[in-house]
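Raw contents of upload.cif, mmCIF, C-alpha atoms:
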data_coords
loop_
_atom_site.label_atom_id
_atom_site.label_comp_id
_atom_site.auth_asym_id
_atom_site.auth_seq_id
_atom_site.Cartn_x
_atom_site.Cartn_y
_atom_site.Cartn_z
CA MET W 295 89.56 86.62 190.79
CA SER W 296 87.62 85.83 193.95
CA ALA W 297 89.21 83.33 196.27
CA ASN W 298 86.03 81.26 196.52
CA THR W 299 85.85 80.65 192.79
CA ALA W 300 88.76 78.19 192.71
CA PRO W 301 87.61 74.57 192.54
CA THR W 302 88.42 72.57 195.65
CA ALA W 303 89.73 69.64 193.60
CA GLU W 304 92.53 71.78 192.18
CA THR W 305 93.94 72.62 195.58
CA GLU W 306 93.19 69.47 197.55
CA ALA W 307 94.89 66.63 195.72
CA GLY W 308 93.37 63.25 196.00
CA LYS W 309 89.82 64.29 196.81
CA PRO W 310 86.90 63.37 194.55
CA SER W 311 85.11 66.00 192.51
CA GLY W 312 82.70 66.22 189.65
CA SER W 313 85.52 65.65 187.17
CA GLY W 314 86.74 62.47 188.85
CA PHE W 315 89.47 61.43 191.29
CA ARG W 316 92.86 63.08 191.26
CA LEU W 317 95.90 61.20 192.57
CA PRO W 318 98.02 62.96 195.18
CA SER W 319 100.90 64.87 193.60
CA ILE W 320 104.44 63.87 194.51
CA PRO W 321 106.75 66.77 195.47
CA PHE W 322 109.38 67.44 192.83
CA TRP W 323 112.28 66.91 195.24
CA MET W 324 110.93 63.45 196.07
CA GLN W 325 110.77 62.64 192.37
CA ILE W 326 114.45 63.65 192.05
CA VAL W 327 115.46 61.51 195.03
CA ALA W 328 113.48 58.56 193.64
CA GLY W 329 115.29 59.03 190.31
CA LEU W 330 118.67 59.01 192.07
CA VAL W 331 117.88 55.81 193.96
CA LEU W 332 116.44 54.06 190.91
CA GLY W 333 119.40 55.16 188.79
CA VAL W 334 121.91 53.73 191.27
CA LEU W 335 120.00 50.43 191.45
CA LEU W 336 119.67 50.09 187.67
CA GLY W 337 123.31 51.09 187.14
CA TRP W 338 124.48 48.51 189.68
CA LEU W 339 122.26 45.86 188.09
CA ALA W 340 123.51 46.66 184.58
CA ARG W 341 127.15 46.48 185.66
CA SER W 342 126.98 43.46 187.96
CA GLN W 343 124.87 41.38 185.57
CA ASP W 344 126.51 42.76 182.40
CA VAL W 345 123.16 43.84 180.90
CA SER W 346 124.34 45.71 177.81
CA TRP W 347 120.90 46.78 176.62
CA LEU W 348 120.20 48.39 180.00
CA VAL W 349 123.48 50.33 179.84
CA THR W 350 122.55 51.57 176.37
CA THR W 351 119.05 52.53 177.52
CA LEU W 352 120.38 54.46 180.51
CA ASP W 353 122.88 56.23 178.25
CA LYS W 354 120.16 57.24 175.78
CA VAL W 355 117.75 58.43 178.48
CA GLY W 356 120.40 60.57 180.18
CA GLY W 357 121.80 61.77 176.87
CA ILE W 358 118.42 62.90 175.55
CA PHE W 359 117.74 64.85 178.76
CA VAL W 360 121.09 66.67 178.55
CA GLN W 361 120.58 67.28 174.83
CA LEU W 362 117.19 68.85 175.49
CA LEU W 363 118.81 71.17 178.01
CA LYS W 364 121.57 72.09 175.56
CA LEU W 365 119.01 72.72 172.82
CA ALA W 366 117.75 75.79 174.65
CA VAL W 367 121.14 77.02 175.88
CA ALA W 368 122.25 79.20 172.96
CA PRO W 369 119.07 81.25 172.47
CA LEU W 370 118.37 81.26 176.21
CA VAL W 371 121.78 82.74 177.06
CA PHE W 372 121.54 85.35 174.29
CA PHE W 373 118.10 86.67 175.18
CA ALA W 374 118.60 86.30 178.94
CA ILE W 375 121.78 88.41 178.88
CA LEU W 376 120.28 90.94 176.47
CA VAL W 377 117.11 91.37 178.51
CA SER W 378 119.00 91.37 181.82
CA ILE W 379 121.23 94.24 180.69
CA THR W 380 118.30 96.29 179.42
CA ASN W 381 116.37 95.56 182.64
CA LEU W 382 119.03 97.48 184.54
CA ARG W 383 117.48 100.68 183.21
CA LYS W 384 114.52 99.98 185.54
CA VAL W 385 116.74 99.70 188.61
CA ASN W 386 118.00 102.63 190.64
CA ASN W 387 121.80 102.72 191.03
CA ALA W 388 122.17 100.02 188.38
CA ALA W 389 125.91 100.64 187.93
CA ARG W 390 126.52 100.23 191.66
CA LEU W 391 124.47 97.03 191.79
CA ALA W 392 126.33 95.57 188.80
CA THR W 393 129.72 96.54 190.28
CA ARG W 394 128.92 95.05 193.68
CA THR W 395 127.59 91.87 192.07
CA LEU W 396 130.85 91.42 190.17
CA LEU W 397 132.85 92.24 193.31
CA TRP W 398 131.07 89.56 195.35
CA PHE W 399 131.51 87.08 192.50
CA MET W 400 135.25 87.68 192.77
CA ILE W 401 135.35 87.57 196.59
CA THR W 402 133.52 84.25 196.84
CA SER W 403 135.63 82.79 194.01
CA LEU W 404 138.83 83.72 195.85
CA ILE W 405 137.54 82.09 199.03
CA ALA W 406 136.56 78.95 197.10
CA VAL W 407 139.90 78.61 195.31
CA ALA W 408 141.75 79.12 198.61
CA ILE W 409 139.75 76.29 200.18
CA GLY W 410 140.46 74.07 197.18
CA LEU W 411 144.20 74.75 197.42
CA ALA W 412 144.25 74.16 201.18
CA ILE W 413 142.46 70.80 200.87
CA GLY W 414 144.73 69.72 198.03
CA LEU W 415 147.90 70.57 199.95
CA LEU W 416 146.65 68.77 203.05
CA THR W 417 145.47 65.57 201.37
CA ASN W 418 147.88 65.07 198.42
CA PRO W 419 145.12 63.67 196.13
CA GLY W 420 147.60 62.40 193.51
CA ALA W 421 149.53 60.20 195.92
CA GLY W 422 148.86 56.46 196.06
CA THR W 423 146.47 56.35 193.11
CA GLY W 424 148.57 54.00 191.01
CA LEU W 425 148.10 56.35 188.05
CA THR W 426 151.04 57.35 185.85
CA PRO W 427 151.53 60.00 183.13
CA LYS W 428 150.92 57.24 180.56
CA ASP W 429 147.33 56.97 181.78
CA GLY W 430 146.66 60.53 180.62
CA ALA W 431 145.56 61.70 177.19
CA LYS W 432 145.82 65.16 175.69
CA PRO W 433 142.38 66.71 175.05
CA GLU W 434 141.32 67.52 171.50
CA ASN W 435 140.49 71.11 172.44
CA ALA W 436 142.67 72.98 174.90
CA GLY W 437 142.24 76.43 176.32
CA SER W 438 144.92 79.11 176.49
CA TRP W 439 144.85 82.79 177.35
CA ILE W 440 145.31 83.75 173.71
CA ASP W 441 142.43 81.47 172.70
CA PHE W 442 140.36 82.79 175.58
CA LEU W 443 140.90 86.48 174.73
CA THR W 444 140.68 86.16 170.96
CA GLY W 445 137.84 83.67 171.19
CA ILE W 446 135.53 86.17 172.86
CA VAL W 447 134.84 87.95 169.58
CA PRO W 448 133.08 85.70 167.02
CA THR W 449 133.98 85.65 163.34
CA ASP W 450 130.29 85.61 162.41
CA VAL W 451 126.90 85.66 164.13
CA ILE W 452 125.89 82.10 163.25
CA THR W 453 128.81 79.90 164.31
CA PRO W 454 128.60 80.65 168.07
CA PHE W 455 125.03 79.31 168.06
CA THR W 456 125.76 76.23 165.96
CA GLU W 457 128.94 75.33 167.89
CA LEU W 458 127.48 76.41 171.25
CA ASN W 459 130.28 78.85 172.07
CA VAL W 460 128.61 80.43 175.08
CA LEU W 461 131.33 83.01 175.70
CA GLN W 462 130.87 84.47 172.21
CA ILE W 463 127.09 84.38 172.62
CA VAL W 464 127.44 86.33 175.87
CA PHE W 465 129.64 88.88 174.07
CA MET W 466 127.10 89.42 171.29
CA ALA W 467 124.22 89.63 173.76
CA ALA W 468 126.09 92.19 175.87
CA VAL W 469 126.83 94.33 172.81
CA ALA W 470 123.19 94.11 171.68
CA GLY W 471 121.94 94.96 175.19
CA ILE W 472 124.20 98.00 175.55
CA ALA W 473 123.25 99.17 172.05
CA ALA W 474 119.56 98.82 172.95
CA LEU W 475 120.11 100.96 176.05
CA LYS W 476 121.77 103.65 173.92
CA LEU W 477 118.91 103.62 171.36
CA GLY W 478 116.35 104.22 174.08
CA GLU W 479 112.74 104.46 172.87
CA ARG W 480 113.61 103.27 169.34
CA ALA W 481 114.70 99.89 170.75
CA LYS W 482 111.39 99.20 172.51
CA PRO W 483 109.94 96.92 169.77
CA ILE W 484 113.12 94.80 169.80
CA LEU W 485 113.10 94.61 173.60
CA ALA W 486 109.43 93.61 173.68
CA LEU W 487 110.15 90.86 171.14
CA SER W 488 113.24 89.71 173.09
CA GLU W 489 111.26 89.50 176.34
CA SER W 490 108.54 87.47 174.63
CA ILE W 491 111.09 85.07 173.11
CA LEU W 492 112.79 84.70 176.50
CA GLU W 493 109.48 83.82 178.16
CA LEU W 494 108.78 81.31 175.39
CA LEU W 495 112.19 79.67 175.85
CA GLN W 496 111.80 79.52 179.61
CA LYS W 497 108.37 77.97 179.26
CA ALA W 498 109.77 75.27 176.97
CA LEU W 499 112.70 74.71 179.32
CA TRP W 500 110.32 74.22 182.24
CA TRP W 501 108.84 71.26 180.35
CA VAL W 502 112.35 69.81 180.07
CA ILE W 503 112.98 70.45 183.77
CA ARG W 504 109.89 68.43 184.62
CA LEU W 505 111.66 65.48 182.97
CA ALA W 506 114.59 65.79 185.39
CA PRO W 507 113.57 62.75 187.51
CA ILE W 508 113.65 60.56 184.39
CA GLY W 509 116.89 62.15 183.23
CA THR W 510 118.35 61.48 186.68
CA VAL W 511 117.72 57.75 186.30
CA GLY W 512 119.65 57.69 183.02
CA LEU W 513 122.54 59.96 184.06
CA ILE W 514 123.22 58.35 187.44
CA GLY W 515 122.54 54.83 186.19
CA TYR W 516 124.89 55.17 183.23
CA ALA W 517 127.65 56.65 185.43
CA ILE W 518 127.44 53.70 187.83
CA ALA W 519 127.13 51.13 185.02
CA THR W 520 130.08 52.54 183.07
CA TYR W 521 132.53 53.59 185.75
CA GLY W 522 131.51 51.46 188.70
CA TRP W 523 132.88 51.77 192.20
CA ASP W 524 136.33 50.45 191.24
CA LEU W 525 137.15 53.56 189.22
CA ILE W 526 135.88 55.81 191.98
CA GLY W 527 138.20 53.93 194.33
CA LYS W 528 141.26 54.96 192.28
CA TYR W 529 140.22 58.58 192.58
CA ALA W 530 138.85 58.24 196.11
CA THR W 531 140.92 61.03 197.66
CA PHE W 532 140.43 63.41 194.75
CA THR W 533 136.69 62.73 194.59
CA ALA W 534 136.35 63.21 198.34
CA ASP W 535 138.38 66.43 198.11
CA VAL W 536 136.07 67.89 195.47
CA TYR W 537 132.93 66.96 197.39
CA ILE W 538 134.32 68.12 200.74
CA GLY W 539 135.63 71.36 199.24
CA CYS W 540 132.29 72.12 197.61
CA ALA W 541 130.45 71.18 200.82
CA ILE W 542 132.65 73.51 202.90
CA VAL W 543 131.95 76.39 200.51
CA MET W 544 128.24 75.69 200.14
CA PHE W 545 127.41 74.77 203.73
CA GLY W 546 130.17 76.63 205.55
CA VAL W 547 131.27 79.76 203.72
CA TYR W 548 127.90 80.68 202.21
CA PRO W 549 125.97 80.41 205.52
CA LEU W 550 128.69 82.46 207.23
CA LEU W 551 128.36 85.21 204.61
CA LEU W 552 124.57 85.13 204.87
CA ALA W 553 124.65 85.41 208.65
CA THR W 554 127.39 88.05 208.96
CA VAL W 555 127.21 90.10 205.75
CA ALA W 556 123.57 89.81 204.67
CA LYS W 557 122.33 89.25 208.25
CA VAL W 558 119.66 86.76 207.17
CA SER W 559 118.92 83.14 208.09
CA PRO W 560 121.20 80.65 206.25
CA LEU W 561 118.67 77.85 206.83
CA GLN W 562 115.96 79.89 205.14
CA PHE W 563 118.25 80.49 202.17
CA PHE W 564 118.75 76.78 201.59
CA LYS W 565 115.06 76.15 202.18
CA GLY W 566 114.22 78.56 199.38
CA ALA W 567 117.12 77.79 197.04
CA TRP W 568 117.08 74.00 197.38
CA PRO W 569 114.94 73.32 194.26
CA ALA W 570 117.59 74.98 192.08
CA ILE W 571 120.50 73.32 193.89
CA GLN W 572 119.05 69.81 193.54
CA LEU W 573 118.24 70.34 189.85
CA ALA W 574 121.79 71.59 189.24
CA PHE W 575 123.16 68.44 190.90
CA VAL W 576 121.18 66.28 188.50
CA SER W 577 121.40 68.28 185.26
CA ARG W 578 125.05 69.38 185.66
CA SER W 579 124.17 72.62 183.84
CA SER W 580 124.06 76.08 185.39
CA VAL W 581 122.45 77.52 182.27
CA GLY W 582 119.87 74.73 182.12
CA THR W 583 119.00 75.42 185.76
CA MET W 584 118.87 79.19 185.24
CA PRO W 585 115.04 79.59 185.12
CA VAL W 586 114.72 77.76 188.43
CA THR W 587 117.64 79.71 189.92
CA GLN W 588 116.06 83.00 188.93
CA GLN W 589 112.70 82.03 190.36
CA VAL W 590 114.06 80.89 193.73
CA THR W 591 116.18 84.05 193.88
CA GLU W 592 113.09 86.19 193.35
CA ARG W 593 111.20 84.18 195.95
CA LEU W 594 114.03 84.84 198.39
CA GLY W 595 113.12 88.52 198.19
CA VAL W 596 115.56 89.76 195.53
CA PRO W 597 113.84 92.39 193.32
CA LYS W 598 112.83 90.86 190.02
CA ASN W 599 114.53 93.51 187.86
CA TYR W 600 117.84 92.99 189.65
CA ALA W 601 117.51 89.18 189.75
CA SER W 602 116.88 89.11 185.99
CA PHE W 603 120.34 90.66 185.57
CA ALA W 604 122.32 88.96 188.32
CA VAL W 605 121.20 85.36 187.77
CA PRO W 606 121.82 85.12 183.97
CA PHE W 607 125.12 86.94 184.48
CA GLY W 608 126.05 84.50 187.24
CA ALA W 609 124.93 81.44 185.26
CA THR W 610 127.65 82.16 182.69
CA THR W 611 130.42 83.57 184.91
CA LYS W 612 129.90 82.54 188.56
CA MET W 613 131.48 79.10 188.97
CA ASP W 614 132.83 78.46 192.47
CA GLY W 615 132.67 74.69 191.91
CA CYS W 616 133.89 74.32 188.32
CA ALA W 617 136.20 77.33 188.08
CA ALA W 618 137.64 77.63 191.60
CA ILE W 619 137.62 74.50 193.77
CA TYR W 620 137.97 71.96 190.96
CA PRO W 621 140.86 73.48 188.93
CA ALA W 622 142.80 74.16 192.16
CA LEU W 623 142.52 70.53 193.27
CA ALA W 624 143.00 69.20 189.74
CA ALA W 625 146.20 71.20 189.24
CA ILE W 626 147.67 69.78 192.47
CA PHE W 627 146.50 66.26 191.53
CA ILE W 628 148.01 66.40 188.04
CA ALA W 629 151.25 68.00 189.28
CA GLN W 630 151.71 65.11 191.72
CA ILE W 631 151.05 62.48 189.04
CA PHE W 632 153.58 64.11 186.69
CA ASP W 633 156.00 64.83 189.55
CA VAL W 634 155.98 68.60 189.06
CA GLN W 635 156.63 70.84 192.06
CA LEU W 636 154.30 73.81 192.44
CA GLY W 637 155.38 76.95 194.28
CA ILE W 638 153.70 79.97 195.85
CA GLY W 639 153.69 81.76 192.50
CA ASP W 640 151.84 78.85 190.91
CA TYR W 641 149.15 78.92 193.58
CA ILE W 642 148.70 82.66 193.04
CA LEU W 643 148.33 81.99 189.31
CA ILE W 644 145.64 79.38 190.03
CA ALA W 645 143.71 81.96 192.06
CA PHE W 646 144.12 84.52 189.28
CA VAL W 647 142.87 82.14 186.60
CA SER W 648 139.91 81.14 188.77
CA VAL W 649 138.74 84.73 189.19
CA ILE W 650 139.47 86.09 185.70
CA GLY W 651 138.93 83.04 183.54
CA SER W 652 135.75 81.60 185.06
CA ALA W 653 133.68 82.77 182.07
CA ALA W 654 135.46 80.08 180.05
CA THR W 655 133.40 77.47 181.92
CA ALA W 656 130.31 78.81 180.15
CA GLY W 657 127.71 77.25 182.43
CA LEU W 658 127.62 73.95 180.54
CA THR W 659 128.30 70.43 181.76
CA GLY W 660 131.95 69.83 182.42
CA ALA W 661 134.89 72.14 183.20
CA THR W 662 137.49 70.87 180.73
CA VAL W 663 138.11 74.26 179.11
CA MET W 664 138.73 75.89 182.48
CA LEU W 665 141.05 73.07 183.51
CA THR W 666 143.10 73.26 180.30
CA LEU W 667 143.31 77.04 180.75
CA THR W 668 144.68 76.54 184.27
CA LEU W 669 147.15 73.83 183.22
CA SER W 670 148.46 75.82 180.25
CA THR W 671 148.97 78.86 182.49
CA LEU W 672 150.96 76.78 184.98
CA GLY W 673 152.85 74.92 182.25
CA LEU W 674 151.53 71.55 183.40
CA PRO W 675 151.05 68.72 180.85
CA LEU W 676 147.63 68.87 179.21
CA GLU W 677 147.65 65.07 179.14
CA GLY W 678 146.63 65.35 182.77
CA VAL W 679 143.13 66.29 181.62
CA GLY W 680 142.68 62.75 180.32
CA LEU W 681 143.28 61.40 183.82
CA LEU W 682 140.15 63.14 185.08
CA LEU W 683 137.72 62.76 182.17
CA ALA W 684 136.43 59.36 183.30
CA ILE W 685 135.49 60.58 186.76
CA ASP W 686 134.27 64.01 185.56
CA PRO W 687 130.48 63.31 185.44
CA ILE W 688 130.47 62.26 189.09
CA LEU W 689 132.48 65.32 190.12
CA ASP W 690 130.42 67.65 187.96
CA MET W 691 127.22 67.05 189.90
CA MET W 692 128.58 68.54 193.13
CA ARG W 693 130.49 71.26 191.29
CA THR W 694 127.39 72.49 189.50
CA ALA W 695 125.28 72.41 192.66
CA THR W 696 127.89 74.65 194.29
CA ASN W 697 127.90 76.95 191.25
CA VAL W 698 124.14 77.44 191.39
CA ALA W 699 124.08 77.96 195.15
CA GLY W 700 126.60 80.77 194.67
CA GLN W 701 124.59 82.23 191.80
CA ALA W 702 121.60 82.59 194.13
CA LEU W 703 123.69 83.67 197.10
CA VAL W 704 125.33 86.79 195.65
CA PRO W 705 122.09 88.57 194.62
CA VAL W 706 120.74 87.95 198.14
CA ILE W 707 123.89 89.42 199.72
CA VAL W 708 123.95 92.45 197.41
CA SER W 709 120.21 93.07 197.87
CA ALA W 710 120.55 92.85 201.65
CA ARG W 711 123.54 95.22 201.67
CA GLU W 712 121.69 97.68 199.41
CA LYS W 713 118.55 97.39 201.60
CA ILE W 714 116.33 96.28 198.72
CA LEU W 715 115.82 92.70 199.93
CA ASP W 716 112.22 91.87 200.80
CA HIS W 717 112.73 90.18 204.17
CA ASP W 718 109.10 89.04 204.40
CA ALA W 719 109.44 87.20 201.09
CA TYR W 720 112.82 85.80 202.16
CA ASN W 721 111.47 84.43 205.43
CA SER W 722 108.44 82.86 203.75
CA ALA W 723 110.16 81.27 200.72
CA SER W 724 109.68 77.52 200.80
CA ALA W 725 107.62 76.03 197.95
CA SER W 726 109.13 74.35 194.93
CA PRO W 727 109.10 76.77 192.00
CA VAL W 728 108.54 73.90 189.56
CA GLU W 729 105.26 73.01 191.24
CA GLU W 730 104.18 76.63 191.49
CA ARG W 731 104.84 77.30 187.82
CA GLU W 732 102.98 74.17 186.86
CA ALA W 733 99.98 75.06 189.04
CA GLY W 734 99.75 78.50 187.53
CA THR W 735 100.05 80.31 190.85
CA GLU W 736 99.58 84.04 190.50
CA ALA W 737 100.87 84.92 193.97
CA ARG W 738 104.55 84.76 192.96
CA ASP W 739 104.13 87.35 190.22
CA VAL W 740 102.27 89.68 192.54
CA GLU W 741 104.91 89.19 195.23
CA THR W 742 107.96 89.80 193.02
CA LYS W 743 106.46 92.71 191.11
CA GLY W 744 105.61 94.35 194.39
CA VAL W 745 109.20 94.28 195.69
CA PRO W 746 110.43 97.88 195.86
CA VAL W 747 113.61 98.69 193.99
CA SER W 748 115.10 101.74 195.60
CA ALA W 749 118.45 103.07 196.63
#

What is this structure when it is put down as structure tokens?
Amino acid sequence: MSANTAPTAETEAGKPSGSGFRLPSIPFWMQIVAGLVLGVLLGWLARSQDVSWLVTTLDKVGGIFVQLLKLAVAPLVFFAILVSITNLRKVNNAARLATRTLLWFMITSLIAVAIGLAIGLLTNPGAGTGLTPKDGAKPENAGSWIDFLTGIVPTDVITPFTELNVLQIVFMAAVAGIAALKLGERAKPILALSESILELLQKALWWVIRLAPIGTVGLIGYAIATYGWDLIGKYATFTADVYIGCAIVMFGVYPLLLATVAKVSPLQFFKGAWPAIQLAFVSRSSVGTMPVTQQVTERLGVPKNYASFAVPFGATTKMDGCAAIYPALAAIFIAQIFDVQLGIGDYILIAFVSVIGSAATAGLTGATVMLTLTLSTLGLPLEGVGLLLAIDPILDMMRTATNVAGQALVPVIVSAREKILDHDAYNSASASPVEEREAGTEARDVETKGVPVSA
């Protein structure tokens, strides 16, 4: 299509044309920030003035947004994993790329859990809170290694989708993807259908993502209205530890790896990845953010065929916030409340659980399963989970943002090390992918399809 055929009014917002006057568009990140501010104000108003109907409204608005995200999770995970595995056939040295991706997942998780343990040991987050073991409550569902290992294989193909057991969905998708690779040409009709369904699901999820500013108002407002600043005060040290730990990993460790291992600009990474990170902070769902994460990863110069494997894989297994920093700090916090002494062996176990058991987090809001898995491994009282449930939504925002940053980081590092990273695309990545998708820009598709995938 010729460049001079595009109407001026479609590219210059706010200028009059034959079809009328178009209002200037507001950048998506500004909409998110506005939602955060409005949510805090409405939450404070609802709590200080005891406006019950406003609390209910905020709860419903935030709840509907999260429910819409969850609605797409089961089929999205299944088809994303299936297609991502089969896409590896288009990539040279696929086995090496997959191995190095997993290796860097493990390396960054170990670094994150070490930082979490160090902060916890330095700050003693359980001291001076006024909380006692009586304040805890045992969770209805607890994770153990037996449950984790036996729970991977579903008893039927329907229940994992109805009960949203993401780990079992990942297992079935992986089996289906490997089987499709073995079938070769005979599996092409199924793969074509799977790719079409995945595109359909992602398109629908983009509509939900556009509602994120409204969802932000409800989620943040309800958290403030329900918990208030008094509750945060009780958990001040622990909350600060989680946020500081995540910030050190996201803005300290990740930039260091980008600069020394990938040898690319850390500032440019955050410039390109920020749309996914901010959406993760609001939505508290790695899987719900996955389409945005994949798009920013591609725009950062990662080959599309590799990104379509690494990002869905990471969205269900790469959890530096929820499965590394948080359980390390939470274990120390709970041990101090219950007056249990942890030793070197216990800290090694925490690191082991963080690396091996991170798939239990499943990319959904919350990290309760991962925490119960850690506590049961250490022999700590599961009632300690109840101590942290009230504050969990506030912690989960920063945890998920860290998760998603790591999910975009590793493909960039691996691509740079394998010399398949498009540095021109990396250095020019800046626009919000939500706005580009909405505007129907064709340049992104041309750019990502043109990225060479070679050894």

Requested in this report: Fewer than 6 positions away in the same chain doesn't count, so skip those; otherwise give me all residues within 7 Å of Leu330 of chain W, counting all atoms listed in the file, as an MDAnalysis selection string.
Outcome: chainID W and resid 510:511 514

**Report entry** All residues 6 Å or closer to segment 540-554 of chain W, all atoms listed in the file, same chain fewer than 4 positions away omitted, as number ranges by chain
**Finding:** W: 558, 560, 696

Report task. Name the residues in contact with Leu492 of chain W at a cut-off of 6 Å, using all atoms listed in the file, excluding same-chain residues fewer than 3 positions from it; report them as a VMD selection string. Result -> chain W and resid 373 489 495

Report summary line: Between atom CA of Phe322 of chain W and atom CA of Arg504 of chain W lies a distance of 8.3 Å

Report task. For atom CA of Ala719 of chain W and atom CA of Gly700 of chain W, determine how far apart the two atoms are, in Å to one decimal place. Result -> 19.4 Å

Report task. Work out how far apart atom CA of Tyr600 of chain W and atom CA of Leu391 of chain W are and give it in Å to one decimal. Result ->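 Result for atom CA of Tyr600 of chain W versus atom CA of Leu391 of chain W: 8.1 Å, one decimal.
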
**Report entry** Expansion of the PyMOL selection byres ((chain W and resi 625) around 9) into residues, as an MDAnalysis selection string
**Finding:** chainID W and resid 620:624 626:630 644 665 668:669 672 674 678

Query raised in the report: Which is closer to Phe455 of chain W than all the others in W:Leu370, W:Ala408, W:Leu477, W:Ala618, using only C-alpha atoms?
Result: W:Leu370

Report task. Could you tell me which residues the PyMOL selection byres ((chain W and resi 715) around 10) returns for this structure, as number ranges by chain? Result -> W: 556, 592, 594-597, 705-714, 716-720, 745-747
